[in-house]
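Note: the block below is work_1.cif and it holds mmCIF, C-alpha atoms and all ligand atoms.
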data_upload
#
loop_
_atom_site.label_atom_id
_atom_site.label_comp_id
_atom_site.auth_asym_id
_atom_site.auth_seq_id
_atom_site.Cartn_x
_atom_site.Cartn_y
_atom_site.Cartn_z
CA MET A 138 -5.29 -11.64 -41.29
CA LYS A 139 -2.17 -9.78 -40.17
CA VAL A 140 -1.89 -9.32 -36.43
CA LEU A 141 -1.00 -5.61 -36.84
CA ASP A 142 -4.37 -5.06 -38.56
CA LEU A 143 -6.37 -5.94 -35.43
CA PRO A 144 -8.43 -3.12 -33.95
CA THR A 145 -6.56 -1.69 -30.99
CA PRO A 146 -6.03 -2.01 -28.11
CA ALA A 147 -5.84 -5.80 -28.60
CA LEU A 148 -4.45 -8.51 -26.36
CA ILE A 149 -2.15 -10.68 -28.45
CA ALA A 150 0.35 -13.46 -27.76
CA ASP A 151 3.01 -15.22 -29.77
CA ALA A 152 1.82 -18.84 -30.01
CA ASP A 153 5.33 -20.22 -30.59
CA ILE A 154 6.72 -18.52 -27.50
CA ILE A 155 3.80 -19.80 -25.38
CA SER A 156 4.62 -23.35 -26.56
CA ASP A 157 8.30 -22.77 -25.91
CA ASN A 158 7.59 -21.51 -22.37
CA MET A 159 5.57 -24.69 -21.73
CA ARG A 160 8.55 -26.76 -22.94
CA GLN A 161 10.96 -24.73 -20.79
CA MET A 162 8.82 -25.38 -17.71
CA ALA A 163 8.66 -29.13 -18.48
CA GLU A 164 12.47 -29.08 -18.90
CA LEU A 165 12.97 -27.20 -15.63
CA LEU A 166 10.87 -29.79 -13.74
CA ARG A 167 12.33 -32.85 -15.50
CA GLY A 168 13.91 -35.23 -12.99
CA SER A 169 12.48 -33.39 -9.95
CA SER A 170 9.59 -34.65 -7.83
CA LEU A 171 7.85 -31.27 -8.21
CA LYS A 172 4.69 -31.40 -10.34
CA LEU A 173 3.17 -28.45 -12.17
CA ARG A 174 -0.25 -27.18 -11.11
CA PRO A 175 -0.33 -23.86 -13.01
CA HIS A 176 -2.26 -20.88 -11.71
CA TYR A 177 -5.27 -20.11 -13.92
CA LYS A 178 -5.39 -16.45 -12.86
CA SER A 179 -2.58 -15.60 -15.31
CA HIS A 180 -4.50 -16.45 -18.48
CA LYS A 181 -8.10 -17.24 -17.45
CA CYS A 182 -8.54 -19.16 -20.74
CA ALA A 183 -9.97 -22.64 -20.27
CA ALA A 184 -8.48 -23.56 -23.68
CA LEU A 185 -4.96 -22.76 -22.42
CA ALA A 186 -5.59 -24.73 -19.22
CA HIS A 187 -6.31 -27.80 -21.35
CA ARG A 188 -3.03 -27.23 -23.26
CA GLN A 189 -1.14 -27.03 -19.97
CA ILE A 190 -2.69 -30.32 -18.83
CA ALA A 191 -1.83 -31.89 -22.19
CA SER A 192 1.77 -30.79 -21.72
CA GLY A 193 2.09 -32.45 -18.31
CA ALA A 194 0.37 -30.32 -15.64
CA ILE A 195 -1.36 -32.51 -13.02
CA GLY A 196 -4.28 -30.11 -12.56
CA MET A 197 -4.98 -26.38 -12.22
CA THR A 198 -4.75 -23.85 -9.40
CA CYS A 199 -7.28 -21.00 -9.27
CA ALA A 200 -8.12 -18.17 -6.90
CA LYS A 201 -11.93 -17.96 -7.03
CA LEU A 202 -14.91 -20.31 -6.93
CA SER A 203 -16.23 -18.85 -10.20
CA GLU A 204 -12.90 -19.71 -11.87
CA ALA A 205 -13.09 -23.24 -10.43
CA GLU A 206 -16.58 -23.60 -11.93
CA ASP A 207 -15.34 -22.53 -15.37
CA LEU A 208 -12.41 -24.96 -15.22
CA ILE A 209 -14.54 -27.87 -14.03
CA PHE A 210 -17.36 -27.26 -16.55
CA SER A 211 -14.70 -27.11 -19.28
CA GLY A 212 -13.63 -30.62 -18.28
CA ILE A 213 -10.61 -30.10 -16.00
CA ASP A 214 -10.95 -32.76 -13.32
CA ASP A 215 -8.35 -31.79 -10.72
CA VAL A 216 -8.64 -28.23 -9.37
CA LEU A 217 -7.08 -26.50 -6.36
CA LEU A 218 -8.89 -23.37 -5.19
CA ALA A 219 -5.92 -21.77 -3.43
CA ASN A 220 -8.03 -19.58 -1.19
CA GLN A 221 -10.49 -19.77 1.69
CA VAL A 222 -14.20 -20.03 0.85
CA THR A 223 -16.33 -18.83 3.75
CA ASP A 224 -19.63 -17.57 2.31
CA PRO A 225 -22.35 -20.22 3.05
CA GLU A 226 -23.80 -20.05 -0.47
CA LYS A 227 -20.34 -20.51 -2.01
CA ILE A 228 -19.55 -23.36 0.38
CA ALA A 229 -22.71 -25.14 -0.82
CA ARG A 230 -21.67 -24.62 -4.48
CA LEU A 231 -18.15 -25.81 -3.75
CA ALA A 232 -19.42 -28.97 -2.04
CA TRP A 233 -21.65 -29.72 -5.01
CA LEU A 234 -18.77 -29.11 -7.47
CA ALA A 235 -16.69 -31.61 -5.52
CA ARG A 236 -19.07 -34.34 -6.78
CA LEU A 237 -17.82 -33.67 -10.30
CA CYS A 238 -14.04 -33.75 -9.87
CA ARG A 239 -11.17 -33.81 -7.41
CA LEU A 240 -11.60 -30.40 -5.78
CA THR A 241 -9.22 -29.04 -3.14
CA VAL A 242 -9.69 -25.87 -1.09
CA CYS A 243 -7.52 -24.00 1.42
CA VAL A 244 -8.55 -23.86 5.05
CA ASP A 245 -7.13 -21.93 8.02
CA ASN A 246 -10.02 -21.99 10.48
CA ALA A 247 -11.82 -24.76 12.40
CA GLU A 248 -15.34 -23.31 11.98
CA ASN A 249 -14.80 -22.98 8.25
CA ALA A 250 -13.65 -26.62 8.12
CA MET A 251 -16.83 -27.67 9.97
CA ALA A 252 -19.01 -25.73 7.51
CA LEU A 253 -17.23 -27.38 4.57
CA SER A 254 -17.66 -30.81 6.17
CA ARG A 255 -21.42 -30.27 6.71
CA ALA A 256 -21.93 -28.98 3.15
CA ALA A 257 -20.02 -31.93 1.68
CA GLY A 258 -22.23 -34.23 3.77
CA TYR A 259 -25.42 -32.68 2.28
CA ALA A 260 -23.94 -32.81 -1.24
CA GLY A 261 -22.65 -36.36 -0.86
CA SER A 262 -19.14 -35.29 -1.86
CA THR A 263 -15.60 -35.37 -0.51
CA VAL A 264 -13.73 -32.06 -0.29
CA HIS A 265 -9.92 -32.19 -0.24
CA CYS A 266 -8.24 -29.62 2.00
CA LEU A 267 -4.83 -27.98 2.16
CA VAL A 268 -4.40 -26.24 5.48
CA GLU A 269 -2.62 -22.96 4.74
CA TYR A 270 0.58 -21.97 6.52
CA ASP A 271 1.54 -18.28 6.43
CA ILE A 272 5.23 -18.10 5.52
CA GLY A 273 5.38 -14.33 5.33
CA MET A 274 2.55 -13.12 3.07
CA LYS A 275 0.68 -11.88 6.12
CA ARG A 276 -2.70 -12.62 4.58
CA CYS A 277 -4.40 -16.02 4.94
CA GLY A 278 -2.92 -19.00 6.73
CA LEU A 279 -1.87 -20.03 10.23
CA ARG A 280 1.15 -18.28 11.66
CA THR A 281 2.52 -20.86 14.12
CA ALA A 282 3.21 -24.58 13.86
CA GLU A 283 1.04 -25.21 16.98
CA ALA A 284 -1.99 -23.46 15.46
CA TYR A 285 -1.37 -25.32 12.20
CA LEU A 286 -1.25 -28.75 13.91
CA ASP A 287 -4.57 -28.05 15.68
CA ALA A 288 -6.24 -27.02 12.40
CA ALA A 289 -4.86 -30.09 10.56
CA GLU A 290 -6.18 -32.36 13.33
CA THR A 291 -9.62 -30.70 13.09
CA VAL A 292 -9.75 -31.38 9.34
CA LEU A 293 -8.61 -34.97 9.91
CA ARG A 294 -11.40 -35.56 12.45
CA LEU A 295 -14.20 -34.19 10.28
CA PRO A 296 -16.26 -36.42 7.96
CA ASN A 297 -16.37 -35.72 4.20
CA LEU A 298 -13.03 -33.86 4.29
CA VAL A 299 -9.60 -35.22 3.36
CA TYR A 300 -6.47 -33.58 4.77
CA ASP A 301 -4.05 -33.54 1.82
CA GLY A 302 -1.29 -31.29 3.14
CA ILE A 303 0.11 -27.78 3.19
CA GLN A 304 -0.54 -24.63 1.14
CA ALA A 305 2.39 -22.21 1.64
CA TYR A 306 2.87 -19.38 -0.84
CA ALA A 307 5.55 -16.69 -0.54
CA GLY A 308 4.69 -14.27 -3.33
CA TYR A 309 6.98 -11.58 -1.91
CA ALA A 310 10.00 -13.65 -3.03
CA SER A 311 8.86 -14.00 -6.67
CA HIS A 312 10.16 -10.72 -8.10
CA THR A 313 13.28 -10.21 -5.99
CA PRO A 314 15.81 -9.14 -8.65
CA SER A 315 18.90 -10.81 -7.17
CA GLU A 316 18.91 -14.51 -8.03
CA SER A 317 20.96 -15.40 -4.95
CA VAL A 318 18.67 -13.44 -2.60
CA ARG A 319 15.61 -15.02 -4.26
CA GLU A 320 17.16 -18.44 -3.78
CA SER A 321 18.02 -17.86 -0.12
CA MET A 322 14.48 -16.54 0.58
CA THR A 323 13.08 -19.67 -1.06
CA ARG A 324 15.39 -21.96 0.95
CA GLU A 325 14.42 -20.21 4.18
CA ASN A 326 10.73 -20.70 3.38
CA GLU A 327 11.29 -24.33 2.45
CA ASN A 328 13.08 -24.95 5.75
CA ARG A 329 10.08 -23.60 7.66
CA VAL A 330 7.69 -25.75 5.64
CA ALA A 331 9.91 -28.85 6.02
CA ALA A 332 9.99 -28.29 9.82
CA LEU A 333 6.18 -28.14 9.83
CA ARG A 334 5.95 -31.30 7.72
CA ASN A 335 8.26 -33.09 10.18
CA ALA A 336 6.16 -31.94 13.15
CA LEU A 337 3.02 -33.25 11.40
CA ARG A 338 4.71 -36.59 10.76
CA LYS A 339 5.71 -36.83 14.44
CA ARG A 340 2.00 -36.57 15.28
CA GLY A 341 1.32 -39.34 12.78
CA ILE A 342 -0.18 -36.99 10.17
CA GLY A 343 0.81 -37.83 6.61
CA VAL A 344 1.47 -34.93 4.22
CA ARG A 345 0.72 -35.92 0.66
CA THR A 346 0.90 -32.45 -0.90
CA ILE A 347 2.92 -29.27 -0.32
CA SER A 348 1.76 -26.64 -2.80
CA GLY A 349 2.97 -23.13 -3.66
CA GLY A 350 5.71 -21.39 -5.62
CA SER A 351 5.72 -19.06 -8.59
CA THR A 352 7.41 -18.33 -11.91
CA GLY A 353 10.21 -16.49 -10.08
CA THR A 354 10.96 -19.30 -7.63
CA ALA A 355 10.23 -22.31 -9.88
CA ALA A 356 13.86 -23.34 -10.43
CA PHE A 357 14.68 -23.25 -6.70
CA LYS A 358 11.51 -25.14 -5.79
CA ALA A 359 12.43 -27.82 -8.36
CA SER A 360 15.80 -28.46 -6.71
CA GLY A 361 14.58 -27.96 -3.12
CA GLY A 362 12.79 -31.29 -2.75
CA VAL A 363 10.27 -29.95 -0.18
CA TYR A 364 7.30 -28.84 -2.30
CA THR A 365 5.36 -31.41 -4.33
CA GLU A 366 3.38 -28.92 -6.48
CA LEU A 367 4.33 -25.70 -8.25
CA GLN A 368 1.60 -23.05 -8.76
CA ALA A 369 3.47 -20.88 -11.31
CA GLY A 370 1.16 -18.90 -13.59
CA SER A 371 3.02 -16.08 -15.33
CA TYR A 372 5.63 -18.36 -16.98
CA LEU A 373 3.37 -18.72 -20.03
CA PHE A 374 3.42 -14.96 -20.80
CA LEU A 375 5.91 -13.12 -18.59
CA ASP A 376 5.63 -9.30 -18.38
CA SER A 377 7.92 -6.30 -18.00
CA THR A 378 8.29 -6.97 -14.26
CA TYR A 379 9.28 -10.64 -14.61
CA ALA A 380 11.43 -9.82 -17.68
CA GLN A 381 13.91 -8.10 -15.35
CA LEU A 382 14.85 -11.47 -13.81
CA SER A 383 16.97 -13.98 -15.66
CA LEU A 384 14.46 -16.77 -16.13
CA PRO A 385 14.31 -19.48 -18.81
CA PHE A 386 11.00 -18.04 -20.11
CA ARG A 387 10.42 -15.33 -22.73
CA ASN A 388 7.79 -12.65 -23.10
CA SER A 389 4.91 -13.83 -25.30
CA LEU A 390 2.16 -11.35 -24.37
CA TYR A 391 1.57 -7.86 -25.76
CA VAL A 392 -1.08 -5.23 -25.98
CA LEU A 393 -1.19 -3.98 -29.56
CA SER A 394 -1.78 -0.25 -29.45
CA SER A 395 -2.04 2.66 -31.93
CA VAL A 396 -0.66 6.18 -31.86
CA VAL A 397 -3.69 8.47 -31.67
CA SER A 398 -2.01 11.84 -31.15
CA ARG A 399 1.35 13.59 -30.93
CA ASN A 400 2.32 16.85 -29.30
CA GLU A 401 5.51 18.73 -28.38
CA ASP A 402 6.21 16.65 -25.30
CA ALA A 403 4.54 13.26 -25.71
CA VAL A 404 3.34 10.52 -28.05
CA ILE A 405 -0.19 9.40 -27.12
CA LEU A 406 -1.30 5.78 -27.58
CA ASP A 407 -4.75 4.24 -27.13
CA ALA A 408 -3.99 1.87 -24.21
CA GLY A 409 -4.47 3.16 -20.65
CA VAL A 410 -5.29 1.43 -17.37
CA LYS A 411 -8.45 -0.05 -18.92
CA SER A 412 -6.14 -1.98 -21.28
CA LEU A 413 -2.95 -2.51 -19.25
CA GLY A 414 -2.69 -3.84 -15.70
CA ALA A 415 -1.00 -1.02 -13.79
CA ASP A 416 -0.32 -2.75 -10.46
CA GLN A 417 3.35 -3.59 -11.07
CA ASP A 418 6.20 -2.04 -13.08
CA ASP A 419 5.75 0.28 -16.07
CA PRO A 420 4.93 -1.27 -19.44
CA VAL A 421 7.65 -1.51 -22.10
CA LEU A 422 6.99 -0.38 -25.69
CA LEU A 423 8.39 -2.07 -28.80
CA ASP A 424 8.17 -0.79 -32.36
CA ARG A 425 6.92 -2.91 -35.28
CA GLN A 426 10.40 -4.35 -35.69
CA GLY A 427 10.46 -5.43 -32.05
CA ARG A 428 12.98 -2.76 -30.98
CA ARG A 429 12.52 -1.18 -27.57
CA ILE A 430 11.14 2.35 -27.72
CA PRO A 431 12.81 4.49 -25.06
CA GLY A 432 10.71 6.92 -23.03
CA ARG A 433 8.81 7.41 -19.81
CA CYS A 434 5.24 6.09 -19.61
CA GLU A 435 2.27 7.65 -17.87
CA LEU A 436 -1.04 5.82 -17.95
CA ASN A 437 -4.45 7.52 -17.94
CA GLU A 438 -7.74 5.70 -18.15
CA GLU A 439 -7.74 5.30 -21.96
CA HIS A 440 -4.32 6.67 -22.94
CA LEU A 441 -0.63 5.97 -22.59
CA LYS A 442 1.48 9.13 -22.69
CA LEU A 443 5.07 8.47 -23.75
CA TYR A 444 7.42 11.28 -22.68
CA ASP A 445 11.10 11.95 -23.40
CA SER A 446 11.16 9.59 -26.37
CA PRO A 447 13.18 9.90 -29.59
CA TRP A 448 10.42 7.84 -31.32
CA LYS A 449 8.63 9.91 -33.99
CA PRO A 450 5.74 7.73 -35.17
CA ALA A 451 3.10 8.65 -37.72
CA LEU A 452 -0.51 8.83 -36.48
CA GLY A 453 -1.95 5.32 -36.56
CA GLU A 454 1.47 3.71 -36.16
CA LYS A 455 1.28 0.52 -34.06
CA ALA A 456 3.37 -0.37 -31.03
CA LEU A 457 3.62 -3.65 -29.11
CA ILE A 458 3.34 -3.02 -25.40
CA ILE A 459 4.70 -5.54 -22.90
CA PRO A 460 2.38 -5.11 -19.90
CA GLY A 461 3.81 -4.44 -16.46
CA HIS A 462 1.74 -7.35 -15.09
CA CYS A 463 0.35 -10.10 -17.31
CA CYS A 464 -2.34 -11.39 -14.90
CA SER A 465 -4.12 -8.07 -14.28
CA THR A 466 -3.86 -7.21 -18.01
CA VAL A 467 -5.48 -10.43 -19.29
CA ASN A 468 -8.44 -9.86 -16.97
CA LEU A 469 -9.28 -6.69 -18.98
CA TYR A 470 -9.99 -8.53 -22.27
CA ASP A 471 -12.69 -10.82 -23.63
CA HIS A 472 -10.30 -12.40 -26.15
CA LEU A 473 -6.66 -13.30 -26.52
CA THR A 474 -5.50 -13.41 -30.13
CA LEU A 475 -2.63 -15.78 -30.89
CA PHE A 476 -0.24 -15.09 -33.74
CA HIS A 477 2.56 -16.86 -35.58
CA GLY A 478 5.02 -14.62 -37.41
CA ASP A 479 2.84 -11.73 -38.55
CA ALA A 480 -0.37 -13.77 -39.01
CA VAL A 481 -3.31 -14.26 -36.66
CA THR A 482 -3.74 -17.99 -36.00
CA GLU A 483 -6.38 -18.26 -33.31
CA ARG A 484 -8.73 -16.25 -31.10
CA LEU A 485 -9.20 -17.66 -27.59
CA GLU A 486 -11.95 -16.64 -25.25
CA VAL A 487 -10.68 -15.29 -21.90
CA SER A 488 -13.39 -17.50 -20.48
CA SER A 489 -13.03 -16.41 -16.84
CA ARG A 490 -12.44 -12.75 -17.54
CA GLY A 491 -13.80 -10.71 -14.62
CA LYS A 492 -14.66 -13.83 -12.60
CA SER A 493 -13.64 -12.47 -9.24
CA GLN A 494 -16.37 -13.96 -7.04
C1 LIG B 501 -1.45 -18.47 -4.36
C2 LIG B 501 -0.62 -18.17 -5.59
N1 LIG B 501 0.07 -19.16 -6.17
C3 LIG B 501 0.80 -18.95 -7.27
C4 LIG B 501 0.88 -17.70 -7.87
C5 LIG B 501 1.59 -17.60 -9.20
O1 LIG B 501 2.56 -16.69 -9.30
P1 LIG B 501 3.22 -16.27 -10.71
O2 LIG B 501 2.13 -15.76 -11.62
O3 LIG B 501 4.13 -15.21 -10.24
O4 LIG B 501 3.89 -17.47 -11.27
C6 LIG B 501 0.20 -16.63 -7.26
C7 LIG B 501 0.32 -15.27 -7.82
O5 LIG B 501 -0.13 -14.29 -7.30
C8 LIG B 501 -0.58 -16.88 -6.10
O6 LIG B 501 -1.28 -15.88 -5.50
#

Entire entry expressed as structure tokens:
Amino acid sequence: MKVLDLPTPALIADADIISDNMRQMAELLRGSSLKLRPHYKSHKCAALAHRQIASGAIGMTCAKLSEAEDLIFSGIDDVLLANQVTDPEKIARLAWLARLCRLTVCVDNAENAMALSRAAGYAGSTVHCLVEYDIGMKRCGLRTAEAYLDAAETVLRLPNLVYDGIQAYAGYASHTPSESVRESMTRENENRVAALRNALRKRGIGVRTISGGSTGTAAFKASGGVYTELQAGSYLFLDSTYAQLSLPFRNSLYVLSSVVSRNEDAVILDAGVKSLGADQDDPVLLDRQGRRIPGRCELNEEHLKLYDSPWKPALGEKALIIPGHCCSTVNLYDHLTLFHGDAVTERLEVSSRGKSQ
């Protein structure tokens, strides 16, 4: 079947470019001590997670317990849940899951660590912990080295928990357009994390893992020598926001959309915010030949209105839309269709679509 014949809107990705992005990431990390632990939230396809492991990733990162369950039941045996889990029922599930694989969770609170320790005791499991350090996200994590050292010592004292090291994620640096500013932000963050690691060592606390980083900071993290794990997710797909940076990855992900109406001032396509993540930059439209279609986009629930465009498509004409944000777009679809050239080659289940618990 030809990819342009799929019913629209359809989530599609170029299989060759996905493979090439995996190779580019392996190349970028070659010779560095940084290991890849890709973030599952970008694709939410267990099948792609297995391909990432086969191409050298040491395990997966995910954001939610329900994603961790999907990954583990699909056979991934090293999972980092890069968030805090505080609900008692979820803590019990997490402790039980930790019997099945190497499961790591983030912690930033002593009571939460105690609850995890008790639950792991009941389940007969060991839960690995990264204590989170807030390096500027202003969400989870401890804000001072002193508070961090106390929390790390609490985890170390508790039975059934293993203190593995530091979670420190600085997402605000990922999309900074200037490469030199992005690099200096990354270096500043690494210096703070290295100072914390040294303070931990002074107290006799070993730090096996320092985890974080993104597609936008991957190259700097690889040369920095501070982090041991990279949590990049978007590198497999990219999107119109990441495409503005000069990165070694290429866009592979599109929403295939059809022209459903035309009027004096706009071309109307069938992909709105229920088909395109609208939390970052505007989407970019390409015609069937892959040429950029100029114009200004406005998204409604089910429609994309393209204004001020010289494009004069026939009704039913298809466009390839590069989403503004790959991660929030993928979460809107049950399937991701892969293509090679103009032919459909595979249909993958977005197995954790909507798993936000
Ligand atoms: C904790 C964490 N790690 C890693 C990433 C991956 O970032 P990216 O998809 O930009 O590579 C994210 C993205 O939001 C994140 O929240």

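We find CA of Leu375 in chain A and CA of Gly273 in chain A to be spaced 24.0 Å apart.
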
Counting all atoms listed in the file, name the residues that have an atom within 8 Å of an atom of ligand LIG 501 (chain B); the answer should be given as an MDAnalysis selection string. chainID A and resid 175:176 178:179 198 200 219:220 306 308 311:312 349:353 367:372 464

Can those selected residues be exported to a file as a PDB file, in the coordinates of the input so that it contains C-alpha atoms?
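selection24.pdb written:
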ATOM      1  CA  PRO A 175      -0.330 -23.860 -13.010  1.00  0.00           C
ATOM      2  CA  HIS A 176      -2.260 -20.880 -11.710  1.00  0.00           C
ATOM      3  CA  LYS A 178      -5.390 -16.450 -12.860  1.00  0.00           C
ATOM      4  CA  SER A 179      -2.580 -15.600 -15.310  1.00  0.00           C
ATOM      5  CA  THR A 198      -4.750 -23.850  -9.400  1.00  0.00           C
ATOM      6  CA  ALA A 200      -8.120 -18.170  -6.900  1.00  0.00           C
ATOM      7  CA  ALA A 219      -5.920 -21.770  -3.430  1.00  0.00           C
ATOM      8  CA  ASN A 220      -8.030 -19.580  -1.190  1.00  0.00           C
ATOM      9  CA  TYR A 306       2.870 -19.380  -0.840  1.00  0.00           C
ATOM     10  CA  GLY A 308       4.690 -14.270  -3.330  1.00  0.00           C
ATOM     11  CA  SER A 311       8.860 -14.000  -6.670  1.00  0.00           C
ATOM     12  CA  HIS A 312      10.160 -10.720  -8.100  1.00  0.00           C
ATOM     13  CA  GLY A 349       2.970 -23.130  -3.660  1.00  0.00           C
ATOM     14  CA  GLY A 350       5.710 -21.390  -5.620  1.00  0.00           C
ATOM     15  CA  SER A 351       5.720 -19.060  -8.590  1.00  0.00           C
ATOM     16  CA  THR A 352       7.410 -18.330 -11.910  1.00  0.00           C
ATOM     17  CA  GLY A 353      10.210 -16.490 -10.080  1.00  0.00           C
ATOM     18  CA  LEU A 367       4.330 -25.700  -8.250  1.00  0.00           C
ATOM     19  CA  GLN A 368       1.600 -23.050  -8.760  1.00  0.00           C
ATOM     20  CA  ALA A 369       3.470 -20.880 -11.310  1.00  0.00           C
ATOM     21  CA  GLY A 370       1.160 -18.900 -13.590  1.00  0.00           C
ATOM     22  CA  SER A 371       3.020 -16.080 -15.330  1.00  0.00           C
ATOM     23  CA  TYR A 372       5.630 -18.360 -16.980  1.00  0.00           C
ATOM     24  CA  CYS A 464      -2.340 -11.390 -14.900  1.00  0.00           C
TER      25      CYS A 464
END

Which residue of A:Leu141, A:Val410, A:Leu452, A:Ile458 approaches Asn437 in chain A most closely, using all atoms listed in the file: A:Val410

Enumerate, as a JSON list (two decimals) with C-alpha atoms, keeping the file's coordinate frame, the protein, DNA and RNA residues whose atoms approach (-7.3, -34.0, 2.5) to within 8 Å, taking into account only C-alpha atoms and the coordinate frame of the file.
[["chain", "number", "residue", "atom", "x", "y", "z"],
["A", 241, "THR", "CA", -9.22, -29.04, -3.14],
["A", 264, "VAL", "CA", -13.73, -32.06, -0.29],
["A", 265, "HIS", "CA", -9.92, -32.19, -0.24],
["A", 266, "CYS", "CA", -8.24, -29.62, 2.00],
["A", 267, "LEU", "CA", -4.83, -27.98, 2.16],
["A", 292, "VAL", "CA", -9.75, -31.38, 9.34],
["A", 293, "LEU", "CA", -8.61, -34.97, 9.91],
["A", 298, "LEU", "CA", -13.03, -33.86, 4.29],
["A", 299, "VAL", "CA", -9.60, -35.22, 3.36],
["A", 300, "TYR", "CA", -6.47, -33.58, 4.77],
["A", 301, "ASP", "CA", -4.05, -33.54, 1.82],
["A", 302, "GLY", "CA", -1.29, -31.29, 3.14]]

Work out how far apart CA of Ser254 in chain A and CA of Phe210 in chain A are and give it in Å to one decimal.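 CA of Ser254 in chain A sits 23.0 Å away from CA of Phe210 in chain A.
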
All residues 12 Å or closer to Ala408 in chain A, only C-alpha atoms, same chain fewer than 5 positions away omitted, as a ChimeraX atom specification: /A:144-148,391-397,413-415,420,422,434-443,455-460,466,469

Can you work out which one of A:Asp151, A:Ser412, A:Arg340, A:Lys201 has the shortest atom-to-atom distance to Asn388 in chain A, counting only C-alpha atoms? A:Asp151

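Counting all atoms listed in the file and comparing A:Ala356, A:Val344, A:Leu295, A:Ile149, the residue that lies closest to Leu166 in chain A is A:Ala356.
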
Counting all atoms listed in the file, the option among A:Ser170, A:Ile347, A:Tyr444, A:Ala250 closest to Val222 in chain A: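 Once distances to Val222 in chain A are computed over all atoms listed in the file, the minimum belongs to A:Ala250.
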
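Note that CA of Pro431 in chain A and CA of Asp402 in chain A are 13.8 Å apart.
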
Can you list, as a PyMOL selection string, every protein, DNA or RNA residue that comes within 8 Å of range 182-189 of chain A when you count only C-alpha atoms, leaving out same-chain residues fewer than 3 positions away? chain A and resi 159+175+177+192-194+197+207-208+211+213+485-489

With distances taken over only C-alpha atoms, which of A:Phe374, A:Tyr259, A:Tyr379, A:Tyr364 is nearest to Ala310 in chain A?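 Selected residue with least distance to Ala310 in chain A: A:Tyr379.
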
Counting all atoms listed in the file, the residue of A:Leu286, A:Arg174, A:Arg338, A:Ala480 that sits nearest Val216 in chain A: A:Arg174

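Counting only C-alpha atoms, Arg276 in chain A has the following residues at most 12 Å away, ignoring those fewer than 3 positions along the same chain: A:Asn220, A:Gln221, A:Asp245, A:Glu269, A:Tyr270, A:Asp271, A:Ile272, A:Gly273, A:Leu279, A:Arg280, A:Ala305, A:Tyr306, A:Ala307, A:Gly308, A:Tyr309.
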